[in-house]
Amino acid sequence: MKRSFYLIFSIAAVFIFGISSISLAGKPEAKPKPATEPKITKHDAEQVVRFAYPGGTIESSKVVNGKDHPNWAVSVVARGVSTETQVQVDGVTGKIIP
């Protein structure tokens with residue numbers, strides 16, 4: 001009688017510990033989704049480009065997908081030049097991407 005009690009108790013304990021360890025494992029953490037909008041504003045991105053190209057004219061600005069986060073693509077025509085140059089501005093730091 002004692003022997004069967006210990007056997008059943010041992011099996012129940014192993015079963016309970018096994019289930020609890022599986023439930024504690026949980027799901028693996030998902031990677032955070034990239035932001036859909038850059039942290040800096042369109043105006044800030046254009047100001048960075050105006051500082052880099054003094055006297056230039058901003059033609060357009062749009063959000064583009066970067067490596068890890070969205071960036072700004074700003075088209076500028078520099079003073080004395082007739083061709084348009086596209087400058088990428090990091091959407092988080094606000095620095096020009098070479």
# chains A, B, ... in the order shown; residues from 1 in each chain; ligands from 1
call {"tool": "residues_around", "arguments": {"residues": "Ile97 (chain A)", "least_positions_apart": "6", "cutoff": "7 Å", "atoms": "only C-alpha atoms", "output": "number ranges by chain"}}
result
A: 88-90
call {"tool": "residues_around", "arguments": {"residues": "region 93-95 of chain A", "least_positions_apart": "6", "cutoff": "10 Å", "atoms": "only C-alpha atoms", "output": "NGL selection string"}}
result
:A and (38-41 or 44-49 or 71-72)
call {"tool": "write_last_selection", "arguments": {"atoms": "N, CA and C atoms", "output": "compact mmCIF listing (two decimals), in the first residue's frame"}}
result
# COMPACT_ATOMS: atom_id res chain seq x y z
N PRO A 38 8.64 58.34 -38.93
CA PRO A 38 9.92 58.73 -38.33
C PRO A 38 9.70 59.59 -37.10
N LYS A 39 10.70 59.61 -36.22
CA LYS A 39 10.60 60.41 -34.99
C LYS A 39 10.75 61.90 -35.27
N ILE A 40 11.58 62.25 -36.27
CA ILE A 40 11.72 63.67 -36.59
C ILE A 40 10.65 64.06 -37.61
N THR A 41 10.30 65.31 -37.60
CA THR A 41 9.23 65.77 -38.49
C THR A 41 9.77 66.11 -39.87
N ASP A 44 11.75 69.31 -39.71
CA ASP A 44 13.10 69.12 -39.17
C ASP A 44 14.04 68.55 -40.24
N ALA A 45 13.56 67.56 -40.99
CA ALA A 45 14.38 66.96 -42.04
C ALA A 45 14.73 67.99 -43.11
N GLU A 46 13.78 68.82 -43.47
CA GLU A 46 14.03 69.85 -44.47
C GLU A 46 15.01 70.90 -43.94
N GLN A 47 14.96 71.21 -42.66
CA GLN A 47 15.90 72.16 -42.07
C GLN A 47 17.32 71.62 -42.11
N VAL A 48 17.49 70.32 -41.87
CA VAL A 48 18.81 69.70 -41.94
C VAL A 48 19.37 69.83 -43.35
N VAL A 49 18.53 69.59 -44.35
CA VAL A 49 18.97 69.68 -45.75
C VAL A 49 19.26 71.13 -46.12
N ASN A 71 12.95 56.70 -42.89
CA ASN A 71 13.80 57.87 -43.10
C ASN A 71 13.08 58.86 -43.99
N TRP A 72 13.64 60.05 -44.11
CA TRP A 72 13.11 61.06 -45.01
C TRP A 72 13.98 61.13 -46.26
call {"tool": "residues_around", "arguments": {"residues": "region 53-57 of chain A", "least_positions_apart": "3", "cutoff": "8 Å", "atoms": "only C-alpha atoms", "output": "list in words"}}
result
Val49, Arg50, Val76, Val77, Ala78 and Arg79 of chain A
call {"tool": "write_last_selection", "arguments": {"atoms": "N, CA and C atoms", "output": "compact mmCIF listing (two decimals), in the first residue's frame"}}
result
# COMPACT_ATOMS: atom_id res chain seq x y z
N VAL A 49 18.53 69.59 -44.35
CA VAL A 49 18.97 69.68 -45.75
C VAL A 49 19.26 71.13 -46.12
N ARG A 50 18.45 72.06 -45.65
CA ARG A 50 18.71 73.48 -45.94
C ARG A 50 20.05 73.93 -45.35
N VAL A 76 16.38 68.17 -53.30
CA VAL A 76 16.81 69.56 -53.22
C VAL A 76 17.55 69.93 -54.50
N VAL A 77 17.36 71.17 -54.93
CA VAL A 77 18.13 71.72 -56.04
C VAL A 77 19.06 72.75 -55.43
N ALA A 78 20.35 72.46 -55.48
CA ALA A 78 21.35 73.36 -54.89
C ALA A 78 21.47 74.63 -55.71
N ARG A 79 21.94 75.68 -55.06
CA ARG A 79 22.11 76.97 -55.73
C ARG A 79 23.16 76.83 -56.83
call {"tool": "closest_residue", "arguments": {"among": "A:Ser4, A:Thr85, A:Ser10, A:Thr36", "to": "Val63 (chain A)", "atoms": "only C-alpha atoms"}}
result
A:Thr36
call {"tool": "closest_residue", "arguments": {"among": "A:Val81, A:Val87, A:Ile16, A:Val92", "to": "Ser60 (chain A)", "atoms": "only C-alpha atoms"}}
result
A:Val87
call {"tool": "closest_residue", "arguments": {"among": "A:Glu37, A:Ile8, A:Glu84, A:His43", "to": "Val64 (chain A)", "atoms": "only C-alpha atoms"}}
result
A:Glu37
call {"tool": "closest_residue", "arguments": {"among": "A:Asn65, A:Lys2, A:Val14, A:Ala52", "to": "Gly91 (chain A)", "atoms": "only C-alpha atoms"}}
result
A:Asn65
call {"tool": "atom_distance", "arguments": {"atom1": "CA of Gly66 (chain A)", "atom2": "CA of Thr83 (chain A)"}}
result
24.3 Å
call {"tool": "atom_distance", "arguments": {"atom1": "CA of Lys67 (chain A)", "atom2": "CA of Gln86 (chain A)"}}
result
17.4 Å
